[in-house]
Structures are given as C-alpha cells and as structure tokens.
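Right, one structure below, let's go through it.
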Protein chains: 2
Amino acid sequence: MEIGSVTHQQYGILQRMKCIGAFLGLLALTAAAETNPAAQAARQWREQHEREIFDEFVSLLSIPDIASDRANIQRNAETIQRMLQKRGITSRLASVPGSNPVVFGEIRTPGAVRTIGFYAHYDGQPLDPKEWTTPPFQPALRNAPLEKDGQVIPLPDPGTPFNPEWRLYARSAGDDKAPIIAMLAAADAIRNAGLKMKSNIKFAFEGEEEAGSPNLERVLAANKDLFTADVWLMCDGPVHQTRRQLIAFGARTVVQVDITVYGPNHELHSGHYGNWAPNPALMLAKLLASMKDDNGRVLVDHFYDGIEPLSATEKRAITEAPDIDQALMQEFGLGSTDGAPQKLTELITLPSLNIRGMASSRTGAQASNVIPSTATATLDIRLVKGIDPRQAAQRVVEHIRKQGFFVVNTMPDTRVRMAHPRVAFVTTKGEEPATRTPMDLPISQEVIRTVESVRGPAVKLPNMGGGLPLISIERPLGARTIVVPIANHDDNQHTFNENLRLQNLWDGIELMAALLTM
Amino acid sequence: MEIGSVTHQQYGILQRMKCIGAFLGLLALTAAAETNPAAQAARQWREQHEREIFDEFVSLLSIPDIASDRANIQRNAETIQRMLQKRGITSRLASVPGSNPVVFGEIRTPGAVRTIGFYAHYDGQPLDPKEWTTPPFQPALRNAPLEKDGQVIPLPDPGTPFNPEWRLYARSAGDDKAPIIAMLAAADAIRNAGLKMKSNIKFAFEGEEEAGSPNLERVLAANKDLFTADVWLMCDGPVHQTRRQLIAFGARTVVQVDITVYGPNHELHSGHYGNWAPNPALMLAKLLASMKDDNGRVLVDHFYDGIEPLSATEKRAITEAPDIDQALMQEFGLGSTDGAPQKLTELITLPSLNIRGMASSRTGAQASNVIPSTATATLDIRLVKGIDPRQAAQRVVEHIRKQGFFVVNTMPDTRVRMAHPRVAFVTTKGEEPATRTPMDLPISQEVIRTVESVRGPAVKLPNMGGGLPLISIERPLGARTIVVPIANHDDNQHTFNENLRLQNLWDGIELMAALLTM
C-alpha cells in the first residue's frame with residue numbers, strides 16, 4: 001500500500017485517523033523481515049564492495065570536523081559534495097552569513113508526487129585528543145571494542161570480507177558520518193540493480209549540529225525551495241540498546257540553566273570565619289536539593305504543566321518496547337533508578353531536570369581550608385512537546401526566587417550582594433520547543449513498515465530522550481520529521497574513542513536502500 | 001609582681017584562683033600603654049637599625065620554604081640556627097626520622113625560676129607562583145597594599161626611615177617568619193640596652209606547620225629536656241582586624257571529611273538517561289543540605305555535645321571584644337551572616353561545619369550534557385575544647401548513614417554500588433583535640449598585663465577560630481600555650497600575594513622585647 005504524497009494540510013486530517021494507523025501498526029509488526037528488494041540489492045552490493053565502502057568512510061573520517069574549525073568544515077562539505085556529484089546527484093552548498101555549509105543533494109524521480117528528505121550531520125563533537133587511545137582523525141580498525149581489549153588490526157586482504165563485529169574508531173564514526181556513507185552506498189546499490197525510486201529524494205548534511213545547530217533553521221528558511229520535502233528522515237543517534245532498529249518520532253529539546261550563588265567576595269579562612277560567613281556551596285546545595293524529591297520528581301511548580309498527552313498508539317509503543325532497565329542498571333553499575341517503578345522508555349517522554357555539573361572552590365587533595373566565594377551549577381531541562389522553553393526556564397527562575405534568592409541575570413556587584421542575604425546569578429540558554437510526529441500518521445506507519453521489512457520488529461518511541469534539531473527543520477519547511485538512526489548504542493558518541501561497529505554500517509546501507517525507494 | 005615558676009601540678013591549683021585572676025585582669029586593663037622599658041629600648045634600637053632588620057627579613061624570606069621542599073627547608077633551618085648563634089643564643093636542630101627540623105634556641109638566665117617558650121614556624125603555605133603579582137620568594141617592597149594599587153618601590157636611602165605603612169610582599173612575610181625576625185631584633189635590643197631577662201627563654205621554630213604539624217609532637221616528645229617550658233607563647237597568625245593586639249588562649253582544631261557519592265559508572269548522556277539514572281550531584285546536594293539549617297546551625301545529631309563551657313572571664317572577654325561584624329560584612333561584601341544575632345567572636349567559640357569545596361563533572365562553558373558519575377565534597381569540622389575529634393567525625397558519618405547512604409571507607413566497587421541505592425565513600429583526617437588555656441590563670445593574666453603595657457588594651461579571645469598546633473606542644477611538654485600574633489590581619493596568609501605591613505613588624509619587636517623580659 002502506498003500513501004502517495006502527503007501535503008502539510010493533509011497531516012491535519014491524517015492525524016485524526018488514529019484508529020487506522022494503529023491497525024496498520026499491527027500489520028507492520030507481522031511483516032516478514034528482510035524481504036525488501038532494495039535492501040536485498042544493497043546487501044549484495046555491499047558484500048561485493050566492502051573495501052570501497054570502508055575506504056570512502058575512512059577517507060571522510062580523516063578530515064577533522066569540529067564545527068568551529070571552519071577550514072576543515074569547508075573541506076568536509078566539499079568532499080561530501082564531490083561524493084554526491086560523482087554519483088550523478090545534483091549538489092550544492094547552502095549557507096547564510098556566519099553559518100557552516102549545509103550540503104544539499106537531490107535525486108529527482110520522474111512522476112514522483114512526494115519528496116523524502118534524508119538528514120545527517122558531518123561535524124563531530126569537540127574533543128580532547130589526549131583522551132583518545134588512537135588519534136581521533138586517524139581512523140583505526142579494531143577487532144573488538146576497546147572495553148573488551150580490542151586491538152588495532154590491519155585491513156583484511158582484498159576480497160576477504162570484514163568481520164562485522166570489528167569496529168572503526170574515529171570521531172564521527174557513529175555520530176554522524178556513518179549515515180552519509182550508508183545513504184551513498186545504498187544509492188549505488190539501487191542504481192546498479194536497476195531499481196527505480198518512487199519519490200523525489202533530498203539530502204541535507206549539516207555542519208554544526210554538535211554546536212547546537214545555531215544556523216540550520218536560517219539556512220533552510222533562506223533556501224526553502226531547495227529543502228522542501230514532505231518528511232525528513234533524521235539519520236542520527238544510535239539504534240536501541242538491544243540492537244533492534246529504533247524509530248523515534250520526536251526528541252526532547254534542552255534549556256541550559258547556569259546558576260551562581262555568592263558567599264564572601266573572596267575565599268575566607270574557614271577557621272577564622274567558619275560558622276559566620278555564609279557558605280555558597282551550602283546555599284547551592286539547599287537550592288538544588290529543593291528542586292527534586294528523593295525519587296527524582298521535579299518539585300518546581302508547574303514543571304509538568306502543558307505536556308501534550310501521548311496517544312493510545314504511542315502508549316502502546318512504549319509498552320511494547322523491550323524492558324532494558326535491569327540490563328542498563330547492570331551496565332552502568334546502578335543500585336537504583338529515579339522515577340521507579342516507571343521505566344526509562346516512559347520517563348523520557350516526560351520533561352527532566354538534571355545537574356550537569358557543580359563546582360565550588362576545590363576538593364580532596366586540592367582543597368584549601370576556606371569558605372568558598374561562589375558556587376556554580378549547570379543544569380539542563382529537557383522538554384517534551386507542549387511545553388514552551390521560555391516558560392520552562394521561567395518556572396525554574398521562579399522556584400529559585402521562592403527559595404529566598406534575589407535573582408539577577410548579570411553578574412551582581414558588591415552593592416547587590418550586600419543588599420540581599422542570598423543572590424543568584426541565573427542565565428538560561430535554549431528556546432527550541434520539542435516536537436513529536438504522531439505515530440498514527442500514514443507516513444509514520446509507512447516508515448515503520450519499510451524499516452521493519454528490512455530490520456525486523458523495531459523499537460518505536462514517541463520521542464528520543466536526547467536532542468535533535470527537529471524544530472529547525474519542521475518550522476521553516478512545514479515538514480514532519482522521523483528519526484531513523486543506524487549507529488551502535490555503545491559507540492561512545494560525545495566522548496573519546498567514538499567508534500562504529502561495522503555490522504551497523506552494513507545494516508544501515510540496507511535500511512537506507514529501503515527508505516530511498518519508499 | 002612575679003608569679004615565679006609554675007609547674008604542671010600547680011596549674012591545677014591556679015586554675016581555681018579565678019577570682020584573683022579576674023581581678024588581675026582588671027588591673028591590666030588600667031595599666032598605661034607603652035611604659036615597658038624593654039619595649040622602649042626595642043623601639044630605639046629598631047629606629048636605629050631599620051635597614052639591618054629589614055635586610056635580615058628579606059634574606060630569610062628569599063629562601064623557598066614549602067614544607068615538602070626538603071632541601072630548602074634544611075637551608076631555612078640552618079640559616080635560622082646561624083641567626084641565633086650569631087647572637088650568642090645556643091641552638092640546635094631537633095628532628096625525628098621523616099620530620100623537618102625544629103630549630104631550637106635557648107637563653108639561660110641565671111637565677112630564673114621559670115621558662116618561657118617562643119614558638120613560630122619558618123615554613124610557608126603551598127602556592128602557585130602564577131597567581132602571584134611578584135615572585136613569592138623574591139620579596140618586593142610596595143608603598144601600599146596591592147588592593148590599593150601599591151607599587152613596587154626601591155629601598156629608602158640608608159639612614160632614611162621606612163614608611164611604616166609600606167608592605168613587604170613574599171610568602172611567609174606574615175605567616176610566619178615575621179615573628180622570628182621580631183624575636184631576634186628584640187633580643188638584640190635587650191642586650192644592647194643592658195636589660196636583664198628574668199626567665200629562661202626557649203625558642204622553637206617549626207618547619208612543617210603549614211603541612212599540619214605532622215611531626216611536631218614526636219619531635220618535642222623525643223627532645224623533652226630541650227623544649228620543656230612553663231608556657232609557650234605561640235607567635236603565629238594575625239592581630240585583630242581593628243589592628244588592636246590579639247591574645248588568644250586556645251584554637252579550634254580541624255577534622256577534614258571527604259565525601260564522594262555515586263551515580264552511573266561513567267557519565268551518561270542527560271538526554272538519553274536524564275530522569276532515570278540517579279544524579280550524584282543532586283544526591284550530594286541533598287546530603288549537604290541536610291547538615292545545616294538556614295541560619296547555619298549544624299543539624300548533625302549531638303554535634304554540639306560536650307563543649308567545655310566558657311568561664312565568666314572568658315564570656316566577659318568576648319563581650320568586651322570590639323564588634324567588627326558590620327565592618328567585616330562590608331569588607332567581604334556579605335548581605336547576611338550565619339548564626340545571627342550571635343557575633344563572630346562568640347561563634348568561633350563553637351564548633352563549625354564548613355564545605356571547603358564541591359565538585360561534580362564540569363560547569364558553565366565546560367559543562368557537557370551529562371549525568372555526572374560522581375560528586376565530591378570536602379568538609380571541615382572545627383572543634384573546640386571538650387569534643388573528641390574521632391567522635392565528632394563519627395557523628396557526621398552517622399548523619400550520612402541516617403540520610404540513607406551506605407557508608408564505606410574505601411572506594412566502592414561495582415558490586416557495592418549496585419547493592420545499595422546510595423553509597424557514600426567517606427574518609428576523615430585529623431585527630432587533634434582543641435585546647436584552651438584558662439584566662440584566669442596567673443600566667444594568662446601576666447601575659448595580658450605585659451602585652452597591654454606595650455600595645456594598649458588587647459582583644460582577648462578564649463580561642464582563635466583557626467588552628468594552631470597547641471595540643472602538639474601541650475601534650476608532650478605538659479605546658480600551657482597562649483597565642484600572641486603580630487601580623488596584620490589583611491596579610492593574605494594562605495593565599496597569593498602574602499605580605500607584612502612594616503608597622504606590624506616594628507610593633508612586634510617591641511612586643512617581643514616585653515615578653516622576653518617578662
């Protein structure tokens with residue numbers, strides 16, 4: 001069954017067709033895996049071209065790709081543009097003043113009545129090379145994960161297949177250059193097999209996702225004619241911890257809150273003034289302690305107000321998701337979890353408040369016998385659909401006020417500090433609302449069916465816990481977004497020794513082939 | 001009036017003579033200042049020899065003196081020994097295996113029936129040279145405090161007096177080499193004026209006070225015959241913030257408590273796991289918040305139990321001490337104080353619990369979007385006489401248990417972390433009980449009278465807020481201790497840009513002359 005082109009207006013109608021969608025969802029679960037012809041062609045192509053695919057991946061990973069490194073970002077963008085053009089895919093670099101280029105690519109399909117967009121990003125998380133076992137931009141093949149004593153190994157002889165459990169170590173191996181390679185290898189396979197696409201295809205490869213996508217929305221808005229599509233498939237992030245394919249229909253967005261509270265204007269001797277000079281570390285501890293109860297429930301007034309309720313389909317998807325809480329507790333060495341008895345999969349559909357870090361003077365062997373002068377915490381609030389980011393930040397600020405703090409948004413001078421027993425300097429950053437594509441939409445159901453025809457029963461989540469620049473795409477283009485990741489969940493994304501398990505790339509090629517011919 | 005030799009046993013009797021002591025205290029307050037002949041001789045000598053005294057001070061300050069720098073510590077000790085011997089004062093270096101040397105010196109006085117000891121230390125606080133405006137071991141003369149834009153100036157022409165408001169910048173200028181110079185210049189003045197001492201005099205200059213005096217008690221115990229005295233005058237620390245002379249009859253001691261609590265075994269993405277993985281920073285915040293109320297009162301059970309009550313004399317001394325709270329709040333930019341309406345002078349006679357520092361992951365621009373893996377705080381407990389340090393530490397550990405933590409004293413492994421919802425790794429350091437010499441003792445009253453005869457009405461405190469190794473002297477030697485500091489209160493002791501105001505050295509010389517001839 002094909003749903004044909006779905007316009008923006010039609011989504012409104014389709015969203016009401018929840019019953020049908022739910023029914024289709026059940027059908028999808030019963031579809032046989034790996035029966036998709038494009039995926040089959042992709043497997044055959046990959047088995048014959050593993051080395052070429054691998055070499056192209058290594059070559060792309062060898063270009064440093066931190067968003068602030070403008071020269072290398074440009075090299076990445078031009079390299080990807082050449083990779084597209086080599087395959088006969090129209091490509092150009094789109095940007096606005098101050099932005100990194102978004103690599104645009106397009107395959108027009110005669111007679112197609114809809115357009116599917118494929119998003120990935122070619123920039124990587126900032127890093128400290130000293131933390132890496134091998135240099136981050138000199139990809140190294142290992143015969144197992146480093147955590148299991150994986151050793152660097154030479155490439156196999158030409159014609160010998162790679163062991164799919166081997167891992168390629170490099171910044172962006174998992175997050176997020178693998179999908180670019182997978183898409184292009186899939187396009188090769190489709191063309192080689194003489195298969196036809198049914199939709200127009202567009203590509204958007206961003207160059208500053210790890211810097212918070214500060215310009216993506218403006219670039220898309222300024223190039224709306226290029227990037228317009230009915231749906232954008234967001235190929236970023238890891239698959240499910242069970243290694244089952246994940247499809248997420250939204251993401252949480254994040255508001256960062258920085259709080260500094262004040263004691264004396266310089267550190268004081270804790271003997272001479274201890275008991276008398278107020279301690280900012282204690283002030284901060286009391287403030288943070290007031291924000292959540294012992295089970296992790298946020299105590300900020302109205303914190304949970306406005307959440308868009310989950311549909312029956314979404315609730316069922318959560319119930320059907322594998323229960324991995326025990327396994328994760330084992331993996332992370334946890335003796336308890338917040339929010340129990342609710343499970344992780346359910347909890348990430350709620351907003352969260354998290355302390356990213358906390359600092360006051362020095363500790364342990366570096367500690368001095370002082371009353372600290374300041375204490376600082378950085379929090380993040382993760383939002384779900386229905387909550388306005390500015391309002392969420394304001395609720396936290398109000399909470400701080402209610403704890404007796406005089407709240408300022410610039411660094412307080414002595415006059416201000418002396419005029420109030422407790423002063424908090426609070427800044428907030430992040431104004432993106434969270435978004436969620438209804439699982440019941442025909443396009444949602446079609447994506448589910450297509451994915452499951454290749455990868456078997458998928459884990460379907462109303463939203464991911466982490467962030468993706470979904471609103472930056474949905475708002476300027478009026479398009480829906482659905483997240484279809486391919487990386488292994490243990491790819492060390494956002495930290496050192498990032499890696500990709502080769503089987504995830506091979507699976508990703510087959511998945512992309514199916515989605516490209518959808 | 002002379003009190004003659006006071007043996008250890010006699011103290012017991014004398015301690016009961018509080019009424020007489022209080023009476024003598026009143027007499028002392030009415031004594032005219034600056035009538036002490038030795039002090040007068042010292043002033044004359046100093047006015048004639050400012051440059052020589054200054055040069056000897058600079059020369060001593062030029063030898064690096066961090067306790068862990070054994071080679072330079074030895075150079076300091078030998079230099080001071082030569083300075084003593086040059087003046088005909090018998091000297092030797094006393095040590096035990098592993099200790100830094102204590103420089104011993106002695107002036108025997110024919111017919112004397114008591115012995116007065118003078119303590120100072122020649123090691124300085126550890127430092128980071130990068131924080132210093134001029135190198136810490138290249139003394140620099142400034143025409144005002146750095147905080148008031150004081151500039152480095154050349155030495156005055158020979159014969160021209162120093163401006164007493166000038167300051168000498170160097171590590172240990174205030175803490176604690178100035179008293180050594182003051183004592184030796186005073187001895188020179190006494191000899192030159194042909195004045196006679198009435199008591200035997202002993203000197204003890206320690207070389208690892210800033211490392212916590214780990215060996216002082218053992219050195220004194222092993223050399224008891226050398227160091228025996230009736231009273232040791234502890235010349236360390238600053239005078240009162242009003243610049244009035246301070247006499248303190250005790251000190252608080254310190255127990256350091258290090259606490260680490262645990263979340264996941266590595267930092268987790270706050271999007272994927274925020275709301276679910278327990279946050280150790282929040283755990284620590286809740287724990288610390290439970291330890292004190294909003295007015296700074298410690299909520300640890302039995303925390304204040306056992307405090308030896310203040311005598312009427314001690315209470316009166318506190319009442320008579322200048323009220324400097326408002327001025328200090330101004331100086332430190334504070335909008336409130338803990339323990340109000342009690343004053344600083346009273347509050348330091350109580351035990352305190354202070355957070356020295358707090359750390360979890362990173363904050364501000366360095367923050368990552370993570371749930372931290374651990375959170376750490378270093379606390380100090382300041383104790384007053386009557387509380388056993390081990391018991392005080394145990395009370396805090398019990399409090400941590402009562403907050404639901406499984407407390408371990410070695411780093412917990414995964415098994416332990418998984419077996420308990422909350423695990424705290426707690427270590428404590430410091431076992432010195434606090435001591436306090438009764439103000440009513442005849443020797444206490446005599447010291448007060450002598451000091452006030454030189455420096456006018458003194459601020460007399462039952463104990464200092466900070467620590468001094470009093471028990472390490474009292475316990476092995478059976479001697480009393482009384483603290484008579486000379487440094488300016490704004491000398492930046494324990495931090496960078498330590499300095500001494502020259503007038504404080506000049507005053508110190510006169511004070512030491514009076515005490516040496518007591």
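Letters A, B, ... mark the chains of the structure tokens in the order given; residue numbers begin at 1 per chain; ligand numbers begin at 1, in order shown.
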Return the neighbours of chain A among the residues of chain B, cut-off 6 Å, counting only C-alpha atoms, as a PyMOL selection string.
chain B and resi 264-265+271-272+275-278+285-286+289+332-338+344+352+356-364+370-371+378+414+417-421+465-466
Those same residues, written as a PDB file, in the first residue's frame with C-alpha atoms?
```
ATOM      1  CA  PRO B 264      26.409   5.764  36.911  1.00  0.00           C
ATOM      2  CA  ASN B 265      29.896   4.255  36.463  1.00  0.00           C
ATOM      3  CA  GLY B 271      19.038  13.345  27.146  1.00  0.00           C
ATOM      4  CA  HIS B 272      19.018   9.597  26.819  1.00  0.00           C
ATOM      5  CA  ASN B 275      15.101  11.385  34.648  1.00  0.00           C
ATOM      6  CA  TRP B 276      16.173   7.800  35.096  1.00  0.00           C
ATOM      7  CA  ALA B 277      19.848   7.489  36.066  1.00  0.00           C
ATOM      8  CA  PRO B 278      20.276   8.924  39.581  1.00  0.00           C
ATOM      9  CA  ALA B 285      23.282  18.440  47.377  1.00  0.00           C
ATOM     10  CA  LYS B 286      20.538  16.761  49.402  1.00  0.00           C
ATOM     11  CA  ALA B 289      21.594  20.462  52.646  1.00  0.00           C
ATOM     12  CA  PHE B 332      33.702  40.797  52.426  1.00  0.00           C
ATOM     13  CA  GLY B 333      30.621  42.033  50.567  1.00  0.00           C
ATOM     14  CA  LEU B 334      28.210  39.960  52.648  1.00  0.00           C
ATOM     15  CA  GLY B 335      24.462  40.532  52.779  1.00  0.00           C
ATOM     16  CA  SER B 336      23.988  38.300  55.812  1.00  0.00           C
ATOM     17  CA  THR B 337      25.860  36.160  58.303  1.00  0.00           C
ATOM     18  CA  ASP B 338      25.227  32.709  59.678  1.00  0.00           C
ATOM     19  CA  LEU B 344      31.755  36.292  65.036  1.00  0.00           C
ATOM     20  CA  SER B 352      31.645  24.602  62.951  1.00  0.00           C
ATOM     21  CA  ARG B 356      35.571  23.652  51.645  1.00  0.00           C
ATOM     22  CA  GLY B 357      34.704  22.688  48.127  1.00  0.00           C
ATOM     23  CA  MET B 358      32.323  20.732  45.982  1.00  0.00           C
ATOM     24  CA  ALA B 359      32.780  19.192  42.525  1.00  0.00           C
ATOM     25  CA  SER B 360      30.831  17.139  40.041  1.00  0.00           C
ATOM     26  CA  SER B 361      31.630  16.937  36.340  1.00  0.00           C
ATOM     27  CA  ARG B 362      32.028  20.400  34.772  1.00  0.00           C
ATOM     28  CA  THR B 363      30.067  23.655  34.755  1.00  0.00           C
ATOM     29  CA  GLY B 364      29.404  26.661  32.522  1.00  0.00           C
ATOM     30  CA  VAL B 370      25.735  14.532  31.013  1.00  0.00           C
ATOM     31  CA  ILE B 371      24.567  12.948  34.196  1.00  0.00           C
ATOM     32  CA  THR B 378      35.391  18.261  51.167  1.00  0.00           C
ATOM     33  CA  THR B 414      30.558  -2.104  41.245  1.00  0.00           C
ATOM     34  CA  ARG B 417      27.435   0.364  44.205  1.00  0.00           C
ATOM     35  CA  MET B 418      24.808  -1.957  42.767  1.00  0.00           C
ATOM     36  CA  ALA B 419      23.814  -3.375  46.149  1.00  0.00           C
ATOM     37  CA  HIS B 420      22.696  -0.004  47.548  1.00  0.00           C
ATOM     38  CA  PRO B 421      20.626   2.852  46.153  1.00  0.00           C
ATOM     39  CA  GLY B 465      38.821  30.470  65.025  1.00  0.00           C
ATOM     40  CA  GLY B 466      41.692  28.921  63.095  1.00  0.00           C
TER      41      GLY B 466
END
```
Please provide the set of residues having any atom within 10 Å of region 39-42 of chain A, restricted to only C-alpha atoms, with same-chain residues fewer than 6 positions apart removed, written as a PyMOL selection string.
chain A and resi 48+182+185-195+453-455+506-517
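Counting from CA of Arg167 (chain A), the distance to CA of Ala321 (chain A) is 27.1 Å.
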Mind checking which residues fall within 8 Å of Met439 (chain B), counting only C-alpha atoms, ignoring those fewer than 5 positions away in the same chain, and posting them as a ChimeraX atom specification?
/B:21,249,313-314,444-445,462
Mind writing the picked residues with C-alpha atoms as a JSON list (two decimals), in the first residue's frame?
```json
[["chain", "number", "residue", "atom", "x", "y", "z"],
["B", 21, "GLY", "CA", 42.86, 36.19, 88.05],
["B", 249, "PHE", "CA", 44.05, 31.37, 74.77],
["B", 313, "THR", "CA", 36.11, 35.80, 82.44],
["B", 314, "GLU", "CA", 36.02, 34.29, 79.00],
["B", 444, "SER", "CA", 47.46, 34.24, 81.48],
["B", 445, "GLN", "CA", 46.92, 37.45, 83.41],
["B", 462, "PRO", "CA", 39.07, 32.28, 74.61]]
```
From region 239-312 of chain B, collect each residue whose DSSP state is strand (DSSP E) and return the set as a list of chain:residue names.
B:Leu246, B:Ile247, B:Ala248, B:Gly250, B:Ala251, B:Thr253, B:Val254, B:Val255, B:Gln256, B:Val257, B:Asp258, B:Ile259, B:Thr260, B:Val261, B:Tyr262, B:Leu268, B:His269
How about saving the chosen residues, C-alpha atoms kept, as a PDB file, in the first residue's frame?
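Output (out37.pdb):
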```pdb
ATOM      1  CA  LEU B 246      45.131  39.988  69.964  1.00  0.00           C
ATOM      2  CA  ILE B 247      45.756  37.423  72.669  1.00  0.00           C
ATOM      3  CA  ALA B 248      44.081  34.072  72.151  1.00  0.00           C
ATOM      4  CA  GLY B 250      43.222  28.489  72.534  1.00  0.00           C
ATOM      5  CA  ALA B 251      42.461  27.484  68.977  1.00  0.00           C
ATOM      6  CA  THR B 253      41.271  22.119  65.650  1.00  0.00           C
ATOM      7  CA  VAL B 254      40.124  20.681  62.394  1.00  0.00           C
ATOM      8  CA  VAL B 255      38.851  17.388  61.082  1.00  0.00           C
ATOM      9  CA  GLN B 256      38.662  17.113  57.297  1.00  0.00           C
ATOM     10  CA  VAL B 257      35.882  14.989  55.858  1.00  0.00           C
ATOM     11  CA  ASP B 258      35.913  13.905  52.224  1.00  0.00           C
ATOM     12  CA  ILE B 259      32.668  12.564  50.783  1.00  0.00           C
ATOM     13  CA  THR B 260      32.116  11.042  47.354  1.00  0.00           C
ATOM     14  CA  VAL B 261      28.735   9.792  46.212  1.00  0.00           C
ATOM     15  CA  TYR B 262      27.998   7.776  43.108  1.00  0.00           C
ATOM     16  CA  LEU B 268      25.733   9.347  30.756  1.00  0.00           C
ATOM     17  CA  HIS B 269      24.012  11.455  28.098  1.00  0.00           C
TER      18      HIS B 269
END
```
Give me, as a ChimeraX atom specification, the residues of region 283-498 of chain B that a backbone DSSP run labels alpha helix (DSSP H).
/B:283-289,312-320,325-332,344-347,389-402,414-419,442-455,470-477
What separation in Å, quoted to one decimal, exists between CA of Phe303 (chain A) and CA of Val408 (chain A)?
21.2 Å
May I ask which of the residues A:Asn72, A:Asn36, A:Thr435, A:Thr410 is the closest one to Ile307 (chain A), counting only C-alpha atoms?
A:Thr435
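Counting only C-alpha atoms, Pro485 (chain A) has the following residues at most 7 Å away, ignoring those fewer than 2 positions along the same chain: Cys235, Asp236, Gly237, Pro238, Val239, Leu246, Val483 and Ala487 of chain A.
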One residue among B:Pro145, B:Pro156, B:Gly111, B:Pro139 is nearest to Ser199 (chain B) when using only C-alpha atoms, and that residue is B:Gly111
